[in-house]
>>> print(open('start15.csv').read())   # CSV, C-alpha atoms
chain,number,residue,atom,x,y,z
A,30,MET,CA,5.1,-12.3,-4.3
A,31,ILE,CA,2.3,-14.5,-3.1
A,32,TRP,CA,3.4,-18.0,-4.3
A,33,PRO,CA,0.0,-19.7,-5.0
A,34,VAL,CA,-1.2,-16.8,-7.2
A,35,ASP,CA,2.3,-16.9,-8.8
A,36,LEU,CA,2.2,-20.6,-9.5
A,37,ILE,CA,-1.4,-20.5,-10.9
A,38,ILE,CA,-0.5,-17.6,-13.3
A,39,MET,CA,2.7,-19.4,-14.4
A,40,LEU,CA,0.7,-22.5,-15.2
A,41,LEU,CA,-1.8,-20.5,-17.2
A,42,VAL,CA,1.0,-18.9,-19.1
A,43,MET,CA,2.4,-22.3,-20.0
A,44,VAL,CA,-1.0,-23.6,-21.0
A,45,SER,CA,-1.9,-20.6,-23.2
A,46,GLY,CA,1.6,-20.6,-24.8
A,47,ILE,CA,1.2,-24.3,-25.7
A,48,GLY,CA,-2.3,-23.7,-27.0
A,49,ALA,CA,-1.2,-20.7,-29.1
A,50,ILE,CA,1.1,-23.0,-31.1
A,51,MET,CA,-1.1,-26.1,-31.1
A,52,VAL,CA,-4.5,-24.8,-32.3
A,53,ARG,CA,-5.3,-25.3,-35.9
A,54,ASP,CA,-7.1,-22.0,-36.6
A,55,LEU,CA,-4.8,-19.0,-37.0
A,56,LEU,CA,-7.3,-16.5,-35.7
A,57,GLY,CA,-7.7,-18.7,-32.6
A,58,ALA,CA,-3.9,-18.8,-32.3
A,59,ALA,CA,-3.8,-15.0,-32.5
A,60,VAL,CA,-6.4,-14.7,-29.7
A,61,LEU,CA,-4.6,-17.2,-27.5
A,62,PHE,CA,-1.4,-15.3,-28.1
A,63,GLY,CA,-3.2,-12.2,-26.7
A,64,VAL,CA,-4.2,-14.1,-23.7
A,65,TYR,CA,-0.6,-15.3,-23.2
A,66,SER,CA,0.6,-11.7,-23.4
A,67,PHE,CA,-1.8,-10.4,-20.9
A,68,LEU,CA,-1.0,-13.2,-18.4
A,69,MET,CA,2.7,-12.4,-18.9
A,70,CYS,CA,1.9,-8.8,-18.1
A,71,LEU,CA,0.2,-9.9,-14.9
A,72,LEU,CA,3.4,-11.9,-14.0
A,73,TYR,CA,5.6,-8.8,-14.4
A,74,ALA,CA,3.2,-6.8,-12.2
A,75,ILE,CA,3.4,-9.4,-9.5
A,76,MET,CA,7.2,-9.3,-9.7
A,77,GLY,CA,7.1,-5.5,-9.2
A,78,ALA,CA,8.1,-4.4,-12.7
A,79,VAL,CA,5.1,-2.1,-13.2
A,80,ASP,CA,6.6,-0.1,-16.1
A,81,VAL,CA,7.4,-3.3,-18.0
A,82,ALA,CA,3.8,-4.6,-17.2
A,83,PHE,CA,2.0,-1.7,-18.7
A,84,THR,CA,4.2,-1.5,-21.7
A,85,GLU,CA,3.6,-5.2,-22.3
A,86,ALA,CA,-0.2,-4.7,-21.8
A,87,SER,CA,-0.4,-1.8,-24.3
A,88,VAL,CA,2.3,-2.7,-26.8
A,89,GLY,CA,2.7,-6.5,-26.5
A,90,ALA,CA,-0.9,-7.6,-26.0
A,91,GLY,CA,-2.7,-4.7,-27.7
A,92,VAL,CA,-0.7,-3.8,-30.8
A,93,SER,CA,0.6,-7.3,-31.4
A,94,SER,CA,-2.9,-8.8,-31.3
A,95,VAL,CA,-4.1,-6.2,-33.8
A,96,PHE,CA,-1.1,-7.0,-36.1
A,97,PHE,CA,-1.8,-10.7,-35.9
A,98,VAL,CA,-5.5,-10.3,-36.7
A,99,ALA,CA,-4.8,-8.0,-39.6
A,100,ALA,CA,-2.2,-10.3,-41.0
A,101,VAL,CA,-4.5,-13.4,-40.7
A,102,PHE,CA,-7.3,-11.3,-42.3
A,103,ARG,CA,-5.1,-10.5,-45.3
A,104,THR,CA,-3.8,-14.0,-45.7
A,105,SER,CA,-5.4,-17.4,-45.1
A,106,ARG,CA,-6.9,-18.5,-41.9
A,107,ARG,CA,-6.5,-22.3,-42.0
A,108,THR,CA,-3.3,-24.2,-41.3
A,109,LYS,CA,-2.2,-27.8,-41.5
A,110,ASP,CA,-0.3,-28.0,-38.2
B,21,MET,CA,23.4,-30.7,-1.5
B,22,GLU,CA,20.0,-30.2,0.0
B,23,ALA,CA,20.5,-26.4,0.0
B,24,ILE,CA,21.3,-26.4,-3.7
B,25,LEU,CA,18.3,-28.6,-4.5
B,26,SER,CA,15.9,-26.5,-2.5
B,27,SER,CA,17.2,-23.2,-4.0
B,28,PHE,CA,16.7,-24.7,-7.4
B,29,LEU,CA,13.1,-25.8,-6.6
B,30,THR,CA,12.1,-22.5,-5.0
B,31,LYS,CA,13.3,-20.4,-7.9
B,32,TYR,CA,10.4,-21.7,-10.1
B,33,ASN,CA,10.5,-18.6,-12.4
B,34,TYR,CA,13.6,-20.0,-14.0
B,35,TRP,CA,11.8,-23.4,-14.7
B,36,VAL,CA,9.0,-21.5,-16.3
B,37,PHE,CA,11.6,-19.5,-18.4
B,38,ILE,CA,13.1,-22.8,-19.5
B,39,GLY,CA,9.7,-24.2,-20.5
B,40,LEU,CA,8.7,-21.1,-22.4
B,41,VAL,CA,12.1,-21.1,-24.3
B,42,MET,CA,11.5,-24.7,-25.3
B,43,ILE,CA,8.0,-24.0,-26.5
B,44,GLY,CA,9.2,-21.1,-28.6
B,45,MET,CA,12.1,-23.1,-30.1
B,46,TYR,CA,9.8,-26.0,-30.9
B,47,ALA,CA,7.4,-23.7,-32.7
B,48,LEU,CA,10.3,-22.1,-34.6
B,49,ILE,CA,11.8,-25.4,-35.7
B,50,ALA,CA,8.9,-27.9,-36.1
B,51,LYS,CA,6.0,-25.8,-37.2
B,52,ARG,CA,5.6,-25.3,-41.0
B,53,ASN,CA,3.1,-22.4,-41.0
B,54,LEU,CA,4.8,-19.0,-41.1
B,55,VAL,CA,2.4,-17.3,-38.6
B,56,LYS,CA,3.0,-20.1,-36.2
B,57,LYS,CA,6.7,-19.6,-36.5
B,58,ILE,CA,6.2,-15.9,-35.8
B,59,ILE,CA,4.1,-16.7,-32.7
B,60,GLY,CA,7.0,-19.0,-31.5
B,61,MET,CA,9.5,-16.2,-32.0
B,62,ASN,CA,7.3,-13.9,-29.8
B,63,ILE,CA,7.0,-16.5,-27.1
B,64,PHE,CA,10.8,-16.9,-27.1
B,65,GLN,CA,11.2,-13.1,-26.7
B,66,THR,CA,8.8,-12.8,-23.9
B,67,ALA,CA,10.5,-15.7,-22.1
B,68,VAL,CA,13.8,-13.8,-22.2
B,69,ILE,CA,12.0,-10.7,-20.9
B,70,LEU,CA,10.6,-12.9,-18.0
B,71,PHE,CA,14.1,-14.1,-17.2
B,72,TYR,CA,15.5,-10.6,-16.9
B,73,VAL,CA,12.6,-9.4,-14.8
B,74,SER,CA,13.1,-12.4,-12.5
B,75,ILE,CA,16.7,-11.5,-12.0
B,76,GLY,CA,15.7,-8.0,-10.7
B,77,ALA,CA,12.9,-9.3,-8.3
B,78,LYS,CA,13.7,-10.0,-4.7
B,79,GLN,CA,11.7,-11.0,-1.6
B,80,GLY,CA,10.4,-8.4,0.8
B,81,SER,CA,11.1,-5.3,-1.2
B,82,THR,CA,8.9,-2.7,-2.9
B,83,ILE,CA,8.7,-1.1,-6.3
B,84,PRO,CA,11.6,1.3,-7.1
B,85,ILE,CA,9.8,4.6,-6.3
B,86,LEU,CA,11.3,6.8,-3.6
B,87,ASP,CA,8.7,7.7,-1.0
B,88,SER,CA,10.6,10.7,0.3
B,89,GLY,CA,12.8,11.7,-2.6
B,90,HIS,CA,12.2,15.4,-2.7
B,91,GLY,CA,10.4,18.1,-0.7
B,92,HIS,CA,10.8,18.9,3.0
B,93,ASP,CA,11.4,15.4,4.2
B,94,ALA,CA,14.1,14.5,1.7
B,95,HIS,CA,16.7,13.7,4.2
B,96,HIS,CA,16.5,9.9,4.3
B,97,ALA,CA,19.3,7.8,3.0
B,98,VAL,CA,18.2,5.3,0.4
B,99,GLN,CA,18.6,1.7,1.4
B,100,ALA,CA,19.0,-0.3,-1.8
B,101,ILE,CA,17.9,-3.5,-0.1
B,102,ASP,CA,14.3,-2.1,0.2
B,103,TYR,CA,13.8,-1.7,-3.5
B,104,ILE,CA,13.6,-4.0,-6.5
B,105,ASN,CA,16.5,-3.5,-8.9
B,106,PRO,CA,15.1,-1.3,-11.7
B,107,LEU,CA,18.0,-1.8,-14.2
B,108,PRO,CA,16.6,-5.0,-15.9
B,109,HIS,CA,13.2,-3.4,-16.2
B,110,VAL,CA,14.6,-0.5,-18.2
B,111,LEU,CA,16.6,-2.8,-20.5
B,112,MET,CA,13.4,-4.9,-21.1
B,113,LEU,CA,11.3,-1.8,-22.0
B,114,THR,CA,13.6,-1.4,-25.0
B,115,ALA,CA,13.3,-5.2,-25.8
B,116,ILE,CA,9.5,-5.1,-25.8
B,117,VAL,CA,9.4,-2.2,-28.3
B,118,VAL,CA,12.0,-3.9,-30.5
B,119,SER,CA,10.0,-7.2,-30.4
B,120,VAL,CA,6.9,-5.4,-31.7
B,121,ALA,CA,9.0,-3.9,-34.5
B,122,THR,CA,10.4,-7.3,-35.5
B,123,LEU,CA,6.8,-8.7,-35.3
B,124,GLY,CA,5.6,-6.0,-37.8
B,125,VAL,CA,8.4,-6.7,-40.2
B,126,ALA,CA,7.9,-10.5,-40.0
B,127,LEU,CA,4.2,-10.2,-40.6
B,128,ALA,CA,4.7,-7.8,-43.5
B,129,LEU,CA,7.1,-10.4,-45.1
B,130,ALA,CA,4.5,-13.2,-44.5
B,131,ILE,CA,1.8,-11.1,-46.3
B,132,LYS,CA,4.2,-10.6,-49.3
B,133,VAL,CA,5.0,-14.3,-49.4
B,134,HIS,CA,1.3,-15.1,-49.4
B,135,GLN,CA,0.7,-12.6,-52.2
B,136,GLN,CA,3.5,-14.2,-54.2
B,137,TYR,CA,2.8,-17.9,-53.6
B,138,GLY,CA,-0.8,-18.0,-52.4
B,139,THR,CA,0.0,-20.1,-49.3
B,140,LEU,CA,1.7,-19.8,-45.9
B,141,GLU,CA,2.9,-23.4,-45.6
B,142,GLU,CA,6.6,-23.8,-45.9
B,143,ASP,CA,6.6,-27.1,-47.8
B,144,GLU,CA,4.1,-25.8,-50.4
B,145,ILE,CA,6.3,-22.7,-50.9
B,146,ALA,CA,9.4,-24.9,-51.3
B,147,ALA,CA,7.6,-27.1,-53.9
B,148,GLN,CA,6.5,-24.0,-55.9
B,149,ILE,CA,10.1,-22.7,-55.8
B,150,ASP,CA,11.6,-26.0,-57.0
B,151,LYS,CA,9.0,-26.6,-59.8
B,152,PRO,CA,9.9,-24.4,-62.7
>>> encode(input="start15.csv", output="C-alpha coordinates")
Amino acid sequence: MIWPVDLIIMLLVMVSGIGAIMVRDLLGAAVLFGVYSFLMCLLYAIMGAVDVAFTEASVGAGVSSVFFVAAVFRTSRRTKD
Amino acid sequence: MEAILSSFLTKYNYWVFIGLVMIGMYALIAKRNLVKKIIGMNIFQTAVILFYVSIGAKQGSTIPILDSGHGHDAHHAVQAIDYINPLPHVLMLTAIVVSVATLGVALALAIKVHQQYGTLEEDEIAAQIDKP
(Lines of atoms letter the chains of each structure in order from A and count residues from 1; the text may use other names and numbers.)
(Lines give C-alpha, C1' and ligand atoms only; values in the text may rest on other atoms or scores of the structure.)
Protein backbone atom coordinates (compact mmCIF):
# COMPACT_ATOMS: atom_id res chain seq x y z
CA MET A 1 0.00 0.00 0.00
CA ILE A 2 1.31 3.42 -0.99
CA TRP A 3 -0.51 5.78 1.33
CA PRO A 4 -0.80 8.98 -0.83
CA VAL A 5 -2.38 7.02 -3.69
CA ASP A 6 -4.58 5.24 -1.16
CA LEU A 7 -5.78 8.49 0.40
CA ILE A 8 -6.47 10.15 -2.97
CA ILE A 9 -8.53 7.20 -4.19
CA MET A 10 -10.46 7.04 -0.91
CA LEU A 11 -11.24 10.76 -1.19
CA LEU A 12 -12.46 10.25 -4.76
CA VAL A 13 -14.62 7.32 -3.60
CA MET A 14 -16.29 9.50 -0.96
CA VAL A 15 -16.81 12.38 -3.44
CA SER A 16 -18.31 10.18 -6.16
CA GLY A 17 -20.51 8.39 -3.61
CA ILE A 18 -21.89 11.69 -2.34
CA GLY A 19 -22.32 12.90 -5.93
CA ALA A 20 -24.23 9.76 -6.91
CA ILE A 21 -26.92 10.42 -4.30
CA MET A 22 -26.93 14.23 -4.63
CA VAL A 23 -27.23 14.77 -8.39
CA ARG A 24 -30.76 15.54 -9.64
CA ASP A 25 -30.56 13.60 -12.91
CA LEU A 26 -31.03 9.83 -12.55
CA LEU A 27 -28.88 9.02 -15.59
CA GLY A 28 -26.09 11.15 -14.12
CA ALA A 29 -26.55 9.30 -10.82
CA ALA A 30 -26.17 5.98 -12.62
CA VAL A 31 -22.96 7.12 -14.36
CA LEU A 32 -21.56 8.46 -11.07
CA PHE A 33 -22.38 5.14 -9.43
CA GLY A 34 -20.33 3.43 -12.17
CA VAL A 35 -17.43 5.76 -11.39
CA TYR A 36 -17.81 4.94 -7.68
CA SER A 37 -17.75 1.22 -8.42
CA PHE A 38 -14.61 1.41 -10.55
CA LEU A 39 -12.79 3.46 -7.90
CA MET A 40 -13.81 0.89 -5.29
CA CYS A 41 -12.38 -1.84 -7.54
CA LEU A 42 -9.10 0.12 -7.67
CA LEU A 43 -9.10 0.24 -3.87
CA TYR A 44 -9.50 -3.56 -3.64
CA ALA A 45 -6.62 -4.03 -6.10
CA ILE A 46 -4.42 -1.76 -3.95
CA MET A 47 -5.22 -3.83 -0.88
CA GLY A 48 -4.19 -7.02 -2.69
CA ALA A 49 -7.64 -8.52 -3.24
CA VAL A 50 -7.21 -9.09 -6.96
CA ASP A 51 -10.07 -11.57 -7.37
CA VAL A 52 -12.51 -9.27 -5.59
CA ALA A 53 -11.23 -6.39 -7.75
CA PHE A 54 -11.93 -7.98 -11.09
CA THR A 55 -15.26 -9.38 -9.95
CA GLU A 56 -16.24 -5.89 -8.82
CA ALA A 57 -15.05 -4.38 -12.13
CA SER A 58 -17.01 -6.80 -14.30
CA VAL A 59 -20.10 -7.47 -12.17
CA GLY A 60 -20.33 -4.45 -9.89
CA ALA A 61 -19.39 -1.70 -12.30
CA GLY A 62 -20.33 -3.23 -15.64
CA VAL A 63 -23.55 -5.16 -15.10
CA SER A 64 -24.87 -2.81 -12.37
CA SER A 65 -24.40 0.26 -14.58
CA VAL A 66 -26.19 -1.48 -17.46
CA PHE A 67 -29.07 -2.38 -15.09
CA PHE A 68 -29.33 1.20 -13.82
CA VAL A 69 -29.28 2.73 -17.31
CA ALA A 70 -31.91 0.24 -18.54
CA ALA A 71 -34.16 0.93 -15.53
CA VAL A 72 -33.83 4.72 -15.95
CA PHE A 73 -34.57 4.32 -19.67
CA ARG A 74 -37.78 2.38 -18.92
CA THR A 75 -38.96 4.73 -16.15
CA SER A 76 -38.55 8.48 -15.70
CA ARG A 77 -35.26 10.35 -15.69
CA ARG A 78 -35.99 13.39 -13.55
CA THR A 79 -36.21 13.41 -9.79
CA LYS A 80 -37.07 15.93 -7.12
CA ASP A 81 -34.26 15.22 -4.69
CA MET B 1 -3.31 6.69 25.05
CA GLU B 2 -1.15 8.06 22.26
CA ALA B 3 -0.66 4.56 20.87
CA ILE B 4 -4.41 4.00 20.74
CA LEU B 5 -4.96 7.37 19.05
CA SER B 6 -2.26 6.83 16.44
CA SER B 7 -3.49 3.32 15.66
CA PHE B 8 -6.98 4.78 15.14
CA LEU B 9 -5.68 7.51 12.87
CA THR B 10 -3.46 5.29 10.76
CA LYS B 11 -6.22 2.77 10.02
CA TYR B 12 -8.00 5.23 7.74
CA ASN B 13 -9.79 2.43 5.82
CA TYR B 14 -12.17 2.10 8.72
CA TRP B 15 -12.94 5.84 8.69
CA VAL B 16 -13.77 5.61 4.98
CA PHE B 17 -15.95 2.57 5.78
CA ILE B 18 -17.85 4.55 8.43
CA GLY B 19 -18.32 7.47 6.03
CA LEU B 20 -19.62 5.26 3.21
CA VAL B 21 -22.04 3.45 5.55
CA MET B 22 -23.38 6.82 6.68
CA ILE B 23 -23.79 7.99 3.05
CA GLY B 24 -25.68 4.79 2.23
CA MET B 25 -27.92 5.01 5.29
CA TYR B 26 -28.68 8.66 4.53
CA ALA B 27 -29.73 7.79 0.98
CA LEU B 28 -31.86 4.87 2.22
CA ILE B 29 -33.68 6.97 4.82
CA ALA B 30 -33.87 10.53 3.53
CA LYS B 31 -34.13 10.23 -0.25
CA ARG B 32 -37.64 9.88 -1.67
CA ASN B 33 -36.79 8.61 -5.15
CA LEU B 34 -36.73 4.82 -5.47
CA VAL B 35 -33.66 4.68 -7.74
CA LYS B 36 -31.77 6.90 -5.29
CA LYS B 37 -32.69 4.50 -2.50
CA ILE B 38 -31.36 1.58 -4.54
CA ILE B 39 -28.09 3.45 -5.18
CA GLY B 40 -27.83 4.02 -1.42
CA MET B 41 -28.35 0.32 -0.78
CA ASN B 42 -25.52 -0.52 -3.18
CA ILE B 43 -23.18 2.01 -1.56
CA PHE B 44 -23.94 0.37 1.81
CA GLN B 45 -23.10 -3.08 0.43
CA THR B 46 -19.82 -1.99 -1.14
CA ALA B 47 -18.87 -0.29 2.14
CA VAL B 48 -19.30 -3.59 3.98
CA ILE B 49 -17.20 -5.32 1.31
CA LEU B 50 -14.50 -2.65 1.80
CA PHE B 51 -14.53 -3.35 5.54
CA TYR B 52 -14.01 -7.08 5.05
CA VAL B 53 -11.21 -6.62 2.51
CA SER B 54 -9.53 -4.15 4.90
CA ILE B 55 -9.57 -6.82 7.62
CA GLY B 56 -7.62 -9.19 5.38
CA ALA B 57 -4.98 -6.68 4.25
CA LYS B 58 -1.64 -6.33 6.07
CA GLN B 59 1.54 -4.38 5.63
CA GLY B 60 4.51 -5.86 3.79
CA SER B 61 2.82 -8.96 2.43
CA THR B 62 1.99 -10.10 -1.07
CA ILE B 63 -1.07 -11.50 -2.82
CA PRO B 64 -1.98 -15.07 -1.78
CA ILE B 65 -0.48 -16.99 -4.72
CA LEU B 66 2.22 -19.52 -3.90
CA ASP B 67 5.38 -18.91 -5.91
CA SER B 68 6.67 -22.47 -5.50
CA GLY B 69 3.57 -24.46 -4.78
CA HIS B 70 4.18 -27.37 -7.10
CA GLY B 71 6.79 -28.78 -9.45
CA HIS B 72 10.41 -29.59 -8.65
CA ASP B 73 11.01 -26.77 -6.19
CA ALA B 74 7.91 -27.44 -4.10
CA HIS B 75 9.77 -27.98 -0.89
CA HIS B 76 9.38 -24.59 0.79
CA ALA B 77 7.32 -24.28 3.91
CA VAL B 78 4.61 -21.64 3.54
CA GLN B 79 4.99 -18.69 5.91
CA ALA B 80 1.51 -17.30 6.47
CA ILE B 81 2.91 -13.89 7.48
CA ASP B 82 4.10 -13.32 3.91
CA TYR B 83 0.63 -13.51 2.37
CA ILE B 84 -2.57 -11.49 2.63
CA ASN B 85 -5.39 -13.42 4.29
CA PRO B 86 -7.57 -14.73 1.42
CA LEU B 87 -10.56 -15.84 3.51
CA PRO B 88 -12.41 -12.44 3.53
CA HIS B 89 -11.83 -12.15 -0.23
CA VAL B 90 -13.61 -15.43 -0.90
CA LEU B 91 -16.52 -14.45 1.35
CA MET B 92 -16.84 -11.08 -0.42
CA LEU B 93 -16.89 -12.67 -3.89
CA THR B 94 -20.20 -14.25 -2.89
CA ALA B 95 -21.41 -10.93 -1.45
CA ILE B 96 -20.73 -9.07 -4.74
CA VAL B 97 -22.75 -11.58 -6.77
CA VAL B 98 -25.60 -11.48 -4.23
CA SER B 99 -25.59 -7.66 -4.32
CA VAL B 100 -26.04 -7.70 -8.11
CA ALA B 101 -28.96 -10.14 -7.70
CA THR B 102 -30.66 -7.88 -5.14
CA LEU B 103 -30.05 -4.90 -7.42
CA GLY B 104 -31.78 -6.65 -10.30
CA VAL B 105 -34.82 -7.58 -8.18
CA ALA B 106 -35.04 -4.05 -6.72
CA LEU B 107 -34.88 -2.37 -10.14
CA ALA B 108 -37.50 -4.78 -11.55
CA LEU B 109 -39.81 -3.87 -8.64
CA ALA B 110 -39.17 -0.16 -9.27
CA ILE B 111 -40.10 -0.61 -12.95
CA LYS B 112 -43.35 -2.36 -11.94
CA VAL B 113 -44.14 0.45 -9.47
CA HIS B 114 -43.57 2.99 -12.22
CA GLN B 115 -45.91 1.08 -14.55
CA GLN B 116 -48.59 1.01 -11.87
CA TYR B 117 -48.39 4.56 -10.52
CA GLY B 118 -46.54 6.52 -13.21
CA THR B 119 -43.98 7.94 -10.82
CA LEU B 120 -40.94 6.94 -8.78
CA GLU B 121 -41.35 9.48 -5.94
CA GLU B 122 -42.45 7.91 -2.70
CA ASP B 123 -44.72 10.74 -1.52
CA GLU B 124 -46.65 10.78 -4.81
CA ILE B 125 -47.09 6.99 -4.64
CA ALA B 126 -48.37 7.26 -1.05
CA ALA B 127 -50.79 10.03 -2.10
CA GLN B 128 -52.12 7.84 -4.94
CA ILE B 129 -52.56 4.89 -2.58
CA ASP B 130 -54.46 6.98 0.02
CA LYS B 131 -56.72 8.76 -2.51
CA PRO B 132 -59.49 6.28 -3.49
>>> atom_distance(input="start15.csv", atom1="CA of Thr84 (chain A)", atom2="CA of Leu86 (chain B)")
21.1 Å
>>> atom_distance(input="start15.csv", atom1="CA of Asn105 (chain B)", atom2="CA of Ala77 (chain B)")
6.9 Å
>>> closest_residue(input="start15.csv", among="A:Val34, A:Leu71, A:Val64, A:Ala59", to="chain B", atoms="all atoms listed in the file")
A:Ala59
>>> closest_residue(input="start15.csv", among="A:Gly91, A:Val81, A:Ala86, A:Arg107", to="chain B", atoms="all atoms listed in the file")
A:Val81
>>> residues_around(input="start15.csv", residues="region 45-52 of chain B", least_positions_apart="2", cutoff="12 Å", atoms="only C-alpha atoms", output="count of residues only")
38
>>> interface_residues(input="start15.csv", of="chain A", to="chain B", cutoff="8 Å", atoms="only C-alpha atoms", output="JSON, numbers by chain")
{"A": [30, 39, 43, 46, 47, 49, 50, 55, 62, 69, 73, 76, 77, 78, 79, 80, 81, 84, 85, 88, 89, 92, 93, 96, 97, 100, 103, 104, 105, 108, 109, 110]}
>>> closest_residue(input="start15.csv", among="A:Ile31, A:Ile37, A:Val42, A:Leu56", to="Phe102 (chain A)", atoms="all atoms listed in the file")
A:Leu56
>>> atom_distance(input="start15.csv", atom1="CA of Phe71 (chain B)", atom2="CA of Leu40 (chain A)")
15.9 Å
>>> closest_residue(input="start15.csv", among="A:Asp35, A:Ala82, A:Leu72, A:Val101", to="Ala58 (chain A)", atoms="only C-alpha atoms")
A:Val101
>>> closest_residue(input="start15.csv", among="A:Phe83, A:Tyr65, A:Asp54, A:Val60", to="Val95 (chain A)", atoms="all atoms listed in the file")
A:Val60
